[in-house]
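K.L.:
Dropping in work_18.txt, with compact mmCIF, C-alpha atoms.
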```txt
# COMPACT_ATOMS: atom_id res chain seq x y z
CA MET A 1 -88.80 44.40 37.81
CA ILE A 2 -91.88 42.52 38.98
CA GLN A 3 -95.34 43.94 39.53
CA THR A 4 -98.71 42.31 40.14
CA LEU A 5 -101.70 43.82 38.40
CA THR A 6 -105.20 43.21 39.70
CA ILE A 7 -107.83 43.16 36.97
CA GLN A 8 -111.50 43.36 37.84
CA THR A 9 -113.53 41.44 35.26
CA ARG A 10 -117.22 41.90 34.48
CA GLY A 11 -117.75 38.20 33.73
CA GLN A 12 -117.00 36.05 30.65
CA GLY A 13 -115.08 37.67 27.82
CA LEU A 14 -111.95 39.64 26.97
CA HIS A 15 -110.80 42.52 29.17
CA GLU A 16 -108.04 44.70 27.70
CA PHE A 17 -105.15 45.80 29.91
CA THR A 18 -102.51 46.79 27.34
CA ASP A 19 -102.06 50.25 28.89
CA ALA A 20 -101.35 48.82 32.34
CA VAL A 21 -98.61 46.60 30.87
CA ARG A 22 -97.18 49.60 29.00
CA GLY A 23 -97.09 51.42 32.34
CA CYS A 24 -95.04 48.59 33.90
CA VAL A 25 -92.54 48.71 31.02
CA ARG A 26 -92.23 52.49 31.37
CA GLU A 27 -91.66 52.26 35.14
CA SER A 28 -88.98 49.59 34.66
CA ARG A 29 -86.92 52.06 32.54
CA ILE A 30 -85.68 49.01 30.62
CA GLU A 31 -84.78 49.83 27.01
CA THR A 32 -84.14 46.34 25.57
CA GLY A 33 -85.39 43.14 27.13
CA LEU A 34 -88.37 40.90 27.72
CA CYS A 35 -91.76 41.45 29.34
CA THR A 36 -93.43 38.28 30.62
CA LEU A 37 -97.07 38.09 31.76
CA PHE A 38 -98.39 35.28 33.93
CA VAL A 39 -102.00 34.79 35.08
CA ARG A 40 -102.36 33.26 38.56
CA HIS A 41 -105.63 31.40 37.91
CA THR A 42 -106.86 28.23 36.22
CA SER A 43 -110.23 29.61 35.08
CA ALA A 44 -108.92 32.72 33.31
CA SER A 45 -106.20 33.13 30.69
CA LEU A 46 -104.29 35.60 28.53
CA THR A 47 -104.60 36.38 24.84
CA ILE A 48 -103.34 38.85 22.31
CA GLN A 49 -106.10 39.80 19.89
CA GLU A 50 -107.19 42.46 17.45
CA ASN A 51 -107.83 45.72 19.31
CA ALA A 52 -109.72 47.49 16.52
CA ASP A 53 -113.13 45.94 15.81
CA PRO A 54 -114.96 44.63 18.96
CA SER A 55 -116.90 42.18 16.76
CA ALA A 56 -113.77 39.99 16.51
CA ARG A 57 -113.67 39.58 20.31
CA TYR A 58 -117.42 38.98 20.41
CA ASP A 59 -117.20 36.21 17.79
CA LEU A 60 -114.17 34.67 19.53
CA GLU A 61 -116.02 34.50 22.86
CA GLN A 62 -119.16 33.04 21.29
CA TRP A 63 -117.13 30.49 19.32
CA ILE A 64 -115.29 29.15 22.38
CA ARG A 65 -118.60 28.88 24.28
CA ARG A 66 -119.89 26.67 21.47
CA LEU A 67 -116.66 24.62 21.50
CA VAL A 68 -116.84 24.05 25.27
CA PRO A 69 -120.52 24.21 26.25
CA GLU A 70 -121.60 24.13 29.89
CA GLU A 71 -124.18 21.44 29.22
CA ASP A 72 -121.75 18.55 28.67
CA PRO A 73 -123.14 15.39 30.29
CA HIS A 74 -119.59 13.91 30.43
CA PHE A 75 -118.38 16.41 33.06
CA THR A 76 -117.87 15.02 36.58
CA HIS A 77 -116.21 18.16 38.04
CA THR A 78 -119.45 20.07 38.60
CA MET A 79 -119.37 21.03 42.29
CA GLU A 80 -118.21 24.61 41.62
CA GLY A 81 -120.96 25.33 39.08
CA PRO A 82 -121.65 24.54 35.41
CA ASP A 83 -119.18 27.20 34.15
CA ASP A 84 -116.23 25.89 36.19
CA MET A 85 -115.12 22.86 34.16
CA PRO A 86 -115.52 24.68 30.80
CA SER A 87 -113.36 27.47 32.24
CA HIS A 88 -110.50 25.04 33.04
CA ILE A 89 -110.67 23.61 29.52
CA LYS A 90 -110.68 27.07 27.91
CA ALA A 91 -107.66 28.03 30.07
CA ALA A 92 -105.79 24.90 28.89
CA LEU A 93 -106.49 25.79 25.23
CA THR A 94 -105.31 29.39 25.56
CA ALA A 95 -102.28 31.09 27.18
CA THR A 96 -101.29 31.14 30.85
CA SER A 97 -98.12 33.12 30.08
CA LEU A 98 -96.97 35.45 27.29
CA GLY A 99 -93.52 36.79 26.45
CA ILE A 100 -93.31 40.14 24.65
CA PRO A 101 -89.92 41.65 23.72
CA VAL A 102 -89.19 45.25 24.75
CA VAL A 103 -87.54 47.33 22.02
CA ALA A 104 -86.59 51.00 22.44
CA SER A 105 -88.46 51.04 25.80
CA GLN A 106 -91.68 49.87 24.11
CA LEU A 107 -93.54 46.55 23.90
CA ALA A 108 -92.91 45.05 20.45
CA LEU A 109 -96.66 44.66 19.79
CA GLY A 110 -97.97 44.81 16.23
CA THR A 111 -100.24 47.69 15.22
CA TRP A 112 -103.47 45.76 15.80
CA GLN A 113 -102.44 43.77 18.87
CA GLY A 114 -103.97 44.35 22.29
CA ILE A 115 -103.31 42.35 25.49
CA TYR A 116 -106.39 40.80 27.09
CA LEU A 117 -107.31 38.98 30.27
CA TRP A 118 -109.79 36.30 29.24
CA GLU A 119 -112.33 35.67 31.97
CA HIS A 120 -113.93 32.23 31.61
CA ARG A 121 -116.24 32.32 34.66
CA VAL A 122 -119.74 33.81 34.32
CA ARG A 123 -119.52 36.02 37.40
CA PRO A 124 -117.12 38.98 37.77
CA HIS A 125 -113.78 38.10 39.37
CA SER A 126 -110.70 39.90 40.63
CA ARG A 127 -107.74 38.43 38.70
CA GLN A 128 -104.00 38.75 39.29
CA VAL A 129 -101.46 38.98 36.48
CA VAL A 130 -97.76 39.03 37.40
CA ILE A 131 -95.65 41.19 35.06
CA HIS A 132 -91.89 40.61 34.88
CA VAL A 133 -89.71 43.00 32.89
CA GLY A 134 -86.10 41.88 32.48
CA GLY A 135 -83.36 43.95 30.83
CA ASP A 136 -80.40 42.85 28.74
CA MET B 211 -80.09 40.91 21.41
CA ILE B 212 -83.27 41.65 19.49
CA GLN B 213 -83.87 41.02 15.82
CA THR B 214 -87.01 41.11 13.67
CA LEU B 215 -87.40 38.40 11.06
CA THR B 216 -89.70 38.91 8.11
CA ILE B 217 -91.30 35.69 6.88
CA GLN B 218 -93.02 35.60 3.51
CA THR B 219 -95.86 33.04 3.64
CA ARG B 220 -97.47 31.33 0.67
CA GLY B 221 -100.92 31.22 2.28
CA GLN B 222 -102.50 28.97 4.92
CA GLY B 223 -100.28 26.41 6.60
CA LEU B 224 -96.97 25.95 8.43
CA HIS B 225 -93.81 27.72 7.25
CA GLU B 226 -90.59 26.55 8.89
CA PHE B 227 -87.98 29.11 9.98
CA THR B 228 -85.88 27.13 12.47
CA ASP B 229 -82.63 27.96 10.65
CA ALA B 230 -83.29 31.71 10.82
CA VAL B 231 -83.80 31.45 14.61
CA ARG B 232 -80.59 29.40 14.88
CA GLY B 233 -78.83 32.20 13.01
CA CYS B 234 -80.06 34.78 15.57
CA VAL B 235 -78.79 32.65 18.45
CA ARG B 236 -75.40 32.26 16.73
CA GLU B 237 -75.10 36.00 16.11
CA SER B 238 -75.97 36.76 19.73
CA ARG B 239 -72.90 34.76 20.88
CA ILE B 240 -74.91 33.88 23.99
CA GLU B 241 -73.93 30.52 25.49
CA THR B 242 -76.61 30.04 28.15
CA GLY B 243 -79.90 31.88 28.20
CA LEU B 244 -83.35 32.18 26.72
CA CYS B 245 -84.58 32.77 23.19
CA THR B 246 -88.11 34.25 22.96
CA LEU B 247 -90.14 34.46 19.76
CA PHE B 248 -93.09 36.80 19.36
CA VAL B 249 -95.37 37.11 16.31
CA ARG B 250 -96.68 40.66 15.65
CA HIS B 251 -100.01 39.61 14.12
CA THR B 252 -103.46 38.39 15.21
CA SER B 253 -104.12 36.19 12.17
CA ALA B 254 -100.89 34.16 12.27
CA SER B 255 -99.24 32.27 15.11
CA LEU B 256 -96.24 30.16 16.16
CA THR B 257 -95.94 26.44 16.69
CA ILE B 258 -93.31 23.81 17.31
CA GLN B 259 -94.09 20.67 15.36
CA GLU B 260 -92.55 17.52 13.96
CA ASN B 261 -90.03 18.45 11.25
CA ALA B 262 -89.69 14.95 9.76
CA ASP B 263 -92.84 13.77 7.98
CA PRO B 264 -94.75 16.58 6.12
CA SER B 265 -97.98 14.56 6.44
CA ALA B 266 -98.18 15.55 10.13
CA ARG B 267 -98.26 19.26 9.19
CA TYR B 268 -100.77 18.56 6.43
CA ASP B 269 -103.13 16.72 8.81
CA LEU B 270 -102.73 19.44 11.45
CA GLU B 271 -103.68 22.16 8.97
CA GLN B 272 -106.67 20.22 7.64
CA TRP B 273 -107.83 19.40 11.17
CA ILE B 274 -107.84 23.03 12.35
CA ARG B 275 -109.73 24.07 9.18
CA ARG B 276 -112.43 21.56 10.11
CA LEU B 277 -112.45 22.82 13.74
CA VAL B 278 -112.83 26.46 12.67
CA PRO B 279 -114.61 26.45 9.29
CA GLU B 280 -115.07 29.63 7.28
CA GLU B 281 -118.75 28.94 6.72
CA ASP B 282 -119.92 29.63 10.27
CA PRO B 283 -123.25 31.48 10.19
CA HIS B 284 -122.62 32.80 13.73
CA PHE B 285 -119.73 35.05 12.67
CA THR B 286 -120.45 38.80 12.64
CA HIS B 287 -116.84 39.93 11.99
CA THR B 288 -116.90 39.25 8.24
CA MET B 289 -115.87 42.57 6.65
CA GLU B 290 -112.27 41.47 6.05
CA GLY B 291 -113.22 38.24 4.28
CA PRO B 292 -114.46 34.76 5.28
CA ASP B 293 -110.95 33.61 6.37
CA ASP B 294 -110.39 36.54 8.78
CA MET B 295 -112.49 35.53 11.81
CA PRO B 296 -111.32 31.87 11.65
CA SER B 297 -107.74 33.17 11.60
CA HIS B 298 -108.23 35.16 14.84
CA ILE B 299 -109.72 32.08 16.52
CA LYS B 300 -106.87 29.83 15.34
CA ALA B 301 -104.36 32.40 16.61
CA ALA B 302 -106.06 32.40 20.05
CA LEU B 303 -105.88 28.59 20.22
CA THR B 304 -102.17 28.42 19.31
CA ALA B 305 -99.06 30.34 20.41
CA THR B 306 -98.30 34.05 20.01
CA SER B 307 -94.99 33.67 21.87
CA LEU B 308 -92.55 30.82 22.56
CA GLY B 309 -89.61 30.59 24.96
CA ILE B 310 -86.77 28.22 24.07
CA PRO B 311 -83.74 27.86 26.36
CA VAL B 312 -80.25 28.26 24.87
CA VAL B 313 -77.76 25.63 26.06
CA ALA B 314 -74.13 25.49 24.89
CA SER B 315 -74.92 28.20 22.30
CA GLN B 316 -77.70 26.07 20.79
CA LEU B 317 -81.49 26.12 20.97
CA ALA B 318 -82.62 23.32 23.32
CA LEU B 319 -84.97 21.86 20.69
CA GLY B 320 -85.70 18.13 20.69
CA THR B 321 -84.55 16.00 17.74
CA TRP B 322 -87.87 16.18 15.90
CA GLN B 323 -88.83 19.76 16.73
CA GLY B 324 -88.99 22.49 14.10
CA ILE B 325 -90.16 26.10 14.60
CA TYR B 326 -93.04 27.21 12.34
CA LEU B 327 -94.89 30.38 11.47
CA TRP B 328 -98.52 29.35 11.11
CA GLU B 329 -100.26 31.45 8.49
CA HIS B 330 -104.05 31.44 8.98
CA ARG B 331 -105.05 33.74 6.10
CA VAL B 332 -105.67 32.26 2.65
CA ARG B 333 -103.51 34.74 0.75
CA PRO B 334 -99.71 35.06 1.12
CA HIS B 335 -98.59 37.58 3.74
CA SER B 336 -95.38 39.14 4.97
CA ARG B 337 -95.15 38.33 8.71
CA GLN B 338 -92.88 39.74 11.40
CA VAL B 339 -91.48 37.67 14.24
CA VAL B 340 -89.42 39.44 16.93
CA ILE B 341 -86.60 37.29 18.33
CA HIS B 342 -85.10 38.16 21.71
CA VAL B 343 -82.03 36.30 22.95
CA GLY B 344 -81.05 37.04 26.54
CA GLY B 345 -77.93 35.72 28.26
CA ASP B 346 -77.41 34.71 31.88
CA MET C 295 -79.27 28.26 35.44
CA ILE C 296 -80.42 25.52 33.12
CA GLN C 297 -81.47 22.02 34.12
CA THR C 298 -83.16 19.21 32.20
CA LEU C 299 -85.80 17.21 34.04
CA THR C 300 -86.74 13.74 32.87
CA ILE C 301 -90.37 12.86 33.55
CA GLN C 302 -91.55 9.30 33.28
CA THR C 303 -95.19 9.25 32.18
CA ARG C 304 -97.68 6.41 32.67
CA GLY C 305 -99.48 7.10 29.39
CA GLN C 306 -102.09 9.69 28.39
CA GLY C 307 -102.99 12.36 30.91
CA LEU C 308 -101.54 15.01 33.23
CA HIS C 309 -98.44 14.30 35.30
CA GLU C 310 -97.64 16.89 37.97
CA PHE C 311 -94.01 18.02 38.46
CA THR C 312 -94.45 21.30 40.35
CA ASP C 313 -92.12 20.18 43.15
CA ALA C 314 -89.28 19.41 40.72
CA VAL C 315 -89.57 22.92 39.24
CA ARG C 316 -89.61 24.40 42.74
CA GLY C 317 -86.39 22.46 43.40
CA CYS C 318 -84.73 24.04 40.33
CA VAL C 319 -85.70 27.53 41.50
CA ARG C 320 -84.34 26.81 44.97
CA GLU C 321 -81.03 25.51 43.59
CA SER C 322 -80.66 28.58 41.35
CA ARG C 323 -80.66 30.83 44.46
CA ILE C 324 -82.32 33.46 42.27
CA GLU C 325 -84.58 35.82 44.22
CA THR C 326 -86.25 37.79 41.44
CA GLY C 327 -86.45 36.66 37.84
CA LEU C 328 -88.10 34.32 35.39
CA CYS C 329 -88.44 30.55 35.22
CA THR C 330 -89.07 29.18 31.71
CA LEU C 331 -90.13 25.58 30.98
CA PHE C 332 -89.75 24.00 27.56
CA VAL C 333 -90.85 20.48 26.56
CA ARG C 334 -88.58 18.81 23.96
CA HIS C 335 -91.32 16.75 22.25
CA THR C 336 -94.13 17.21 19.71
CA SER C 337 -96.49 14.62 21.21
CA ALA C 338 -96.49 15.94 24.80
CA SER C 339 -97.06 19.44 26.16
CA LEU C 340 -97.19 21.59 29.29
CA THR C 341 -100.16 22.97 31.19
CA ILE C 342 -100.94 24.75 34.41
CA GLN C 343 -104.12 23.38 35.94
CA GLU C 344 -106.03 23.10 39.17
CA ASN C 345 -104.07 20.97 41.63
CA ALA C 346 -106.90 20.37 44.09
CA ASP C 347 -109.65 18.15 42.68
CA PRO C 348 -108.39 15.35 40.35
CA SER C 349 -111.81 15.28 38.64
CA ALA C 350 -110.89 18.51 36.81
CA ARG C 351 -107.84 16.83 35.21
CA TYR C 352 -109.91 13.75 34.41
CA ASP C 353 -112.60 15.79 32.64
CA LEU C 354 -109.96 17.83 30.77
CA GLU C 355 -108.27 14.66 29.47
CA GLN C 356 -111.58 13.08 28.42
CA TRP C 357 -112.71 16.31 26.75
CA ILE C 358 -109.59 16.66 24.59
CA ARG C 359 -109.88 12.99 23.56
CA ARG C 360 -113.38 13.74 22.29
CA LEU C 361 -112.16 16.89 20.51
CA VAL C 362 -109.32 15.01 18.76
CA PRO C 363 -110.45 11.39 18.42
CA GLU C 364 -108.09 8.70 17.12
CA GLU C 365 -110.67 7.41 14.66
CA ASP C 366 -110.53 10.32 12.23
CA PRO C 367 -110.74 9.05 8.65
CA HIS C 368 -109.09 12.27 7.38
CA PHE C 369 -105.71 11.48 8.96
CA THR C 370 -102.93 10.50 6.55
CA HIS C 371 -100.08 10.52 9.12
CA THR C 372 -100.89 7.11 10.61
CA MET C 373 -97.61 5.15 10.34
CA GLU C 374 -96.67 5.71 13.98
CA GLY C 375 -99.99 4.48 15.37
CA PRO C 376 -103.54 5.89 15.74
CA ASP C 377 -102.60 8.00 18.78
CA ASP C 378 -99.70 9.80 17.04
CA MET C 379 -101.50 12.37 14.88
CA PRO C 380 -104.00 13.28 17.66
CA SER C 381 -100.98 13.82 19.94
CA HIS C 382 -99.41 16.35 17.53
CA ILE C 383 -102.72 18.24 17.30
CA LYS C 384 -103.17 18.27 21.08
CA ALA C 385 -99.59 19.57 21.44
CA ALA C 386 -100.32 22.40 18.96
CA LEU C 387 -103.44 23.41 20.94
CA THR C 388 -101.67 23.49 24.31
CA ALA C 389 -98.33 24.89 25.56
CA THR C 390 -94.81 23.92 24.48
CA SER C 391 -93.28 26.57 26.75
CA LEU C 392 -94.35 28.41 29.91
CA GLY C 393 -92.86 31.46 31.64
CA ILE C 394 -93.40 31.82 35.40
CA PRO C 395 -91.98 34.81 37.29
CA VAL C 396 -89.88 34.17 40.41
CA VAL C 397 -90.71 36.45 43.34
CA ALA C 398 -88.96 36.27 46.73
CA SER C 399 -87.21 33.06 45.58
CA GLN C 400 -90.58 31.40 44.85
CA LEU C 401 -92.54 30.62 41.69
CA ALA C 402 -95.38 33.16 41.40
CA LEU C 403 -98.00 30.40 41.05
CA GLY C 404 -101.52 31.00 42.28
CA THR C 405 -102.88 28.96 45.19
CA TRP C 406 -104.58 26.36 43.01
CA GLN C 407 -102.03 26.16 40.21
CA GLY C 408 -99.94 23.04 39.59
CA ILE C 409 -97.48 22.48 36.71
CA TYR C 410 -98.20 19.41 34.56
CA LEU C 411 -96.55 17.46 31.78
CA TRP C 412 -99.36 16.44 29.45
CA GLU C 413 -98.64 13.09 27.82
CA HIS C 414 -100.64 12.64 24.62
CA ARG C 415 -99.37 9.18 23.61
CA VAL C 416 -101.13 6.07 24.95
CA ARG C 417 -97.98 4.26 26.08
CA PRO C 418 -95.69 5.49 28.88
CA HIS C 419 -92.81 7.71 27.70
CA SER C 420 -89.72 9.33 29.16
CA ARG C 421 -90.09 13.09 28.54
CA GLN C 422 -87.54 15.88 28.83
CA VAL C 423 -88.41 19.36 30.09
CA VAL C 424 -85.69 22.03 30.04
CA ILE C 425 -85.93 24.51 32.92
CA HIS C 426 -84.24 27.89 32.63
CA VAL C 427 -84.10 30.21 35.65
CA GLY C 428 -82.78 33.71 34.91
CA GLY C 429 -82.16 36.40 37.54
CA ASP C 430 -82.55 40.14 37.29
```
Represent the structure of the file as structure tokens.
P.N.:
Amino acid sequence: MIQTLTIQTRGQGLHEFTDAVRGCVRESRIETGLCTLFVRHTSASLTIQENADPSARYDLEQWIRRLVPEEDPHFTHTMEGPDDMPSHIKAALTATSLGIPVVASQLALGTWQGIYLWEHRVRPHSRQVVIHVGGD
Amino acid sequence: MIQTLTIQTRGQGLHEFTDAVRGCVRESRIETGLCTLFVRHTSASLTIQENADPSARYDLEQWIRRLVPEEDPHFTHTMEGPDDMPSHIKAALTATSLGIPVVASQLALGTWQGIYLWEHRVRPHSRQVVIHVGGD
Amino acid sequence: MIQTLTIQTRGQGLHEFTDAVRGCVRESRIETGLCTLFVRHTSASLTIQENADPSARYDLEQWIRRLVPEEDPHFTHTMEGPDDMPSHIKAALTATSLGIPVVASQLALGTWQGIYLWEHRVRPHSRQVVIHVGGD
């Protein structure tokens, strides 16, 4: 089963959509198999992170902004704004696709794992994630 | 076929478990297909690295500790210890899942590729990796 | 269906092979499913990046060379040349495998997404990427 989710971001940072993926798995009625997520953009990515304390996501976002600052005089790809080139770099360093096994009709996530769309552009964007659920 | 491996780490660094994944593929009796690995934690990750010279793994571990040092005054998520926030960042920069094709009943690994659980916490942990092997 | 592509690189940087992957999907005659790519090396990796403006790939390559410079006095794994250890680190930070859903017999890539082999060694190499296409 394949479904495309549209996720509306509010700008840079992590946007959880674990429940929407769970919904896709439920609808597929697949008991054992594999759920694959794929983000259709080069300035946003996917990550699985701690879903308990929001301070972990805050620190992660601030850390990657320090690693890839907008004000890098080496950048030549600047036509689409100062946050565009950093967003491509952040996407290359994080995940474009994720594979999560399905066991007993459930995603095999650990207790503290949530699924996040990582928006790397400053302004809000509408992002597409394709979800494939394949059964054994 | 789905199986959950438990990997006992001895603290920070790379722990090879290629043979255990090979065992799962053998047990599955699948000749052509896909083997997917998924780590159920946000402070450990997966990587495929050179399995010949241990100095490559040593340098990799030391390098990522310099990239994400514990002593970062910006961190606010510090309740679970000074190695916790760096471990979430390292997990975001490396792989949570890996897909390896199965060809002629074997993982399609290159000659020098080994599969590693990357422990990012200082203390030893018991880590779960879910292995899915799907046939064509 | 499984196929192994051989990609001849011209040294460090991104080498596009989207069309070759599209060819594999076409040959598989699979309408709905999952295409998985796996690179069989520890000094090259995979990435999905903007396929429009080459300046984005240029900046990405230059940025990662600054992040992981050859002249790092901490490196002990130096027998295979000064570009070898940086190439293992760059491979660990980027993707060894990618999963791309197949919808209506086409890869579900976004408009600006191209598939690249990322060569991290200075000299040209012949690189193998295993492509698995599984149908529902």
K.L.:
Which residues of chain A are close to chain C, meaning at most 10 Å apart when you count only C-alpha atoms, and how do they look as a PyMOL selection string?
P.N.:
chain A and resi 1-4+36-43+67-68+72+74-78+84-86+88-99+128-136
K.L.:
Would you output that residue set with C-alpha atoms, as a PDB file, in the coordinates of the input?
P.N.:
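Okay, this is what ended up in again.pdb:
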```pdb
ATOM      1  CA  MET A   1     -88.800  44.400  37.810  1.00  0.00           C
ATOM      2  CA  ILE A   2     -91.880  42.520  38.980  1.00  0.00           C
ATOM      3  CA  GLN A   3     -95.340  43.940  39.530  1.00  0.00           C
ATOM      4  CA  THR A   4     -98.710  42.310  40.140  1.00  0.00           C
ATOM      5  CA  THR A  36     -93.430  38.280  30.620  1.00  0.00           C
ATOM      6  CA  LEU A  37     -97.070  38.090  31.760  1.00  0.00           C
ATOM      7  CA  PHE A  38     -98.390  35.280  33.930  1.00  0.00           C
ATOM      8  CA  VAL A  39    -102.000  34.790  35.080  1.00  0.00           C
ATOM      9  CA  ARG A  40    -102.360  33.260  38.560  1.00  0.00           C
ATOM     10  CA  HIS A  41    -105.630  31.400  37.910  1.00  0.00           C
ATOM     11  CA  THR A  42    -106.860  28.230  36.220  1.00  0.00           C
ATOM     12  CA  SER A  43    -110.230  29.610  35.080  1.00  0.00           C
ATOM     13  CA  LEU A  67    -116.660  24.620  21.500  1.00  0.00           C
ATOM     14  CA  VAL A  68    -116.840  24.050  25.270  1.00  0.00           C
ATOM     15  CA  ASP A  72    -121.750  18.550  28.670  1.00  0.00           C
ATOM     16  CA  HIS A  74    -119.590  13.910  30.430  1.00  0.00           C
ATOM     17  CA  PHE A  75    -118.380  16.410  33.060  1.00  0.00           C
ATOM     18  CA  THR A  76    -117.870  15.020  36.580  1.00  0.00           C
ATOM     19  CA  HIS A  77    -116.210  18.160  38.040  1.00  0.00           C
ATOM     20  CA  THR A  78    -119.450  20.070  38.600  1.00  0.00           C
ATOM     21  CA  ASP A  84    -116.230  25.890  36.190  1.00  0.00           C
ATOM     22  CA  MET A  85    -115.120  22.860  34.160  1.00  0.00           C
ATOM     23  CA  PRO A  86    -115.520  24.680  30.800  1.00  0.00           C
ATOM     24  CA  HIS A  88    -110.500  25.040  33.040  1.00  0.00           C
ATOM     25  CA  ILE A  89    -110.670  23.610  29.520  1.00  0.00           C
ATOM     26  CA  LYS A  90    -110.680  27.070  27.910  1.00  0.00           C
ATOM     27  CA  ALA A  91    -107.660  28.030  30.070  1.00  0.00           C
ATOM     28  CA  ALA A  92    -105.790  24.900  28.890  1.00  0.00           C
ATOM     29  CA  LEU A  93    -106.490  25.790  25.230  1.00  0.00           C
ATOM     30  CA  THR A  94    -105.310  29.390  25.560  1.00  0.00           C
ATOM     31  CA  ALA A  95    -102.280  31.090  27.180  1.00  0.00           C
ATOM     32  CA  THR A  96    -101.290  31.140  30.850  1.00  0.00           C
ATOM     33  CA  SER A  97     -98.120  33.120  30.080  1.00  0.00           C
ATOM     34  CA  LEU A  98     -96.970  35.450  27.290  1.00  0.00           C
ATOM     35  CA  GLY A  99     -93.520  36.790  26.450  1.00  0.00           C
ATOM     36  CA  GLN A 128    -104.000  38.750  39.290  1.00  0.00           C
ATOM     37  CA  VAL A 129    -101.460  38.980  36.480  1.00  0.00           C
ATOM     38  CA  VAL A 130     -97.760  39.030  37.400  1.00  0.00           C
ATOM     39  CA  ILE A 131     -95.650  41.190  35.060  1.00  0.00           C
ATOM     40  CA  HIS A 132     -91.890  40.610  34.880  1.00  0.00           C
ATOM     41  CA  VAL A 133     -89.710  43.000  32.890  1.00  0.00           C
ATOM     42  CA  GLY A 134     -86.100  41.880  32.480  1.00  0.00           C
ATOM     43  CA  GLY A 135     -83.360  43.950  30.830  1.00  0.00           C
ATOM     44  CA  ASP A 136     -80.400  42.850  28.740  1.00  0.00           C
TER      45      ASP A 136
END
```
K.L.:
Between CA of Arg421 (chain C) and CA of Ile301 (chain C), what is the distance in Å, rounded to a tenth?
P.N.:
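CA of Ile301 (chain C) lies at a distance of 5.0 Å from CA of Arg421 (chain C).
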K.L.:
Can you measure CA of Thr216 (chain B) to CA of Arg236 (chain B) for me? One decimal in Å is fine.
P.N.:
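The value is 18.0 Å.
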K.L.:
If I take CA of Pro418 (chain C) and CA of Pro376 (chain C), how far is one from the other in Å, to one decimal?
P.N.:
15.3 Å
K.L.:
Do you know which residues are at most 8 Å from Gln316 (chain B) counting all atoms listed in the file, after dropping those on the same chain fewer than 6 positions away, and could you put them as a PyMOL selection string?
P.N.:
chain B and resi 232+235-236+241
K.L.:
Once N, CA and C atoms are restored for region 314-325 of chain B, what would the output be as an mmCIF file, keeping the file's coordinate frame?
P.N.:
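What landed in result_39.cif:
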```cif
data_model
loop_
_atom_site.group_PDB
_atom_site.id
_atom_site.type_symbol
_atom_site.label_atom_id
_atom_site.label_comp_id
_atom_site.auth_asym_id
_atom_site.auth_seq_id
_atom_site.Cartn_x
_atom_site.Cartn_y
_atom_site.Cartn_z
ATOM 1 N N ALA B 314 -75.360 25.681 25.663
ATOM 2 C CA ALA B 314 -74.130 25.490 24.890
ATOM 3 C C ALA B 314 -74.255 26.150 23.507
ATOM 4 N N SER B 315 -74.760 27.377 23.519
ATOM 5 C CA SER B 315 -74.920 28.200 22.300
ATOM 6 C C SER B 315 -75.902 27.650 21.282
ATOM 7 N N GLN B 316 -76.727 26.673 21.701
ATOM 8 C CA GLN B 316 -77.700 26.070 20.790
ATOM 9 C C GLN B 316 -79.112 26.135 21.385
ATOM 10 N N LEU B 317 -80.108 26.244 20.518
ATOM 11 C CA LEU B 317 -81.490 26.120 20.970
ATOM 12 C C LEU B 317 -81.700 24.721 21.536
ATOM 13 N N ALA B 318 -82.417 24.623 22.665
ATOM 14 C CA ALA B 318 -82.620 23.320 23.320
ATOM 15 C C ALA B 318 -83.761 22.523 22.701
ATOM 16 N N LEU B 319 -83.910 22.610 21.378
ATOM 17 C CA LEU B 319 -84.970 21.860 20.690
ATOM 18 C C LEU B 319 -84.732 20.362 20.759
ATOM 19 N N GLY B 320 -85.820 19.579 20.805
ATOM 20 C CA GLY B 320 -85.700 18.130 20.690
ATOM 21 C C GLY B 320 -85.379 17.751 19.244
ATOM 22 N N THR B 321 -84.983 16.493 19.063
ATOM 23 C CA THR B 321 -84.550 16.000 17.740
ATOM 24 C C THR B 321 -85.573 16.269 16.638
ATOM 25 N N TRP B 322 -86.839 16.093 16.938
ATOM 26 C CA TRP B 322 -87.870 16.180 15.900
ATOM 27 C C TRP B 322 -88.615 17.499 15.895
ATOM 28 N N GLN B 323 -88.108 18.489 16.635
ATOM 29 C CA GLN B 323 -88.830 19.760 16.730
ATOM 30 C C GLN B 323 -88.344 20.805 15.730
ATOM 31 N N GLY B 324 -89.275 21.358 14.969
ATOM 32 C CA GLY B 324 -88.990 22.490 14.100
ATOM 33 C C GLY B 324 -89.860 23.662 14.526
ATOM 34 N N ILE B 325 -89.408 24.891 14.239
ATOM 35 C CA ILE B 325 -90.160 26.100 14.600
ATOM 36 C C ILE B 325 -90.901 26.601 13.352
#
```
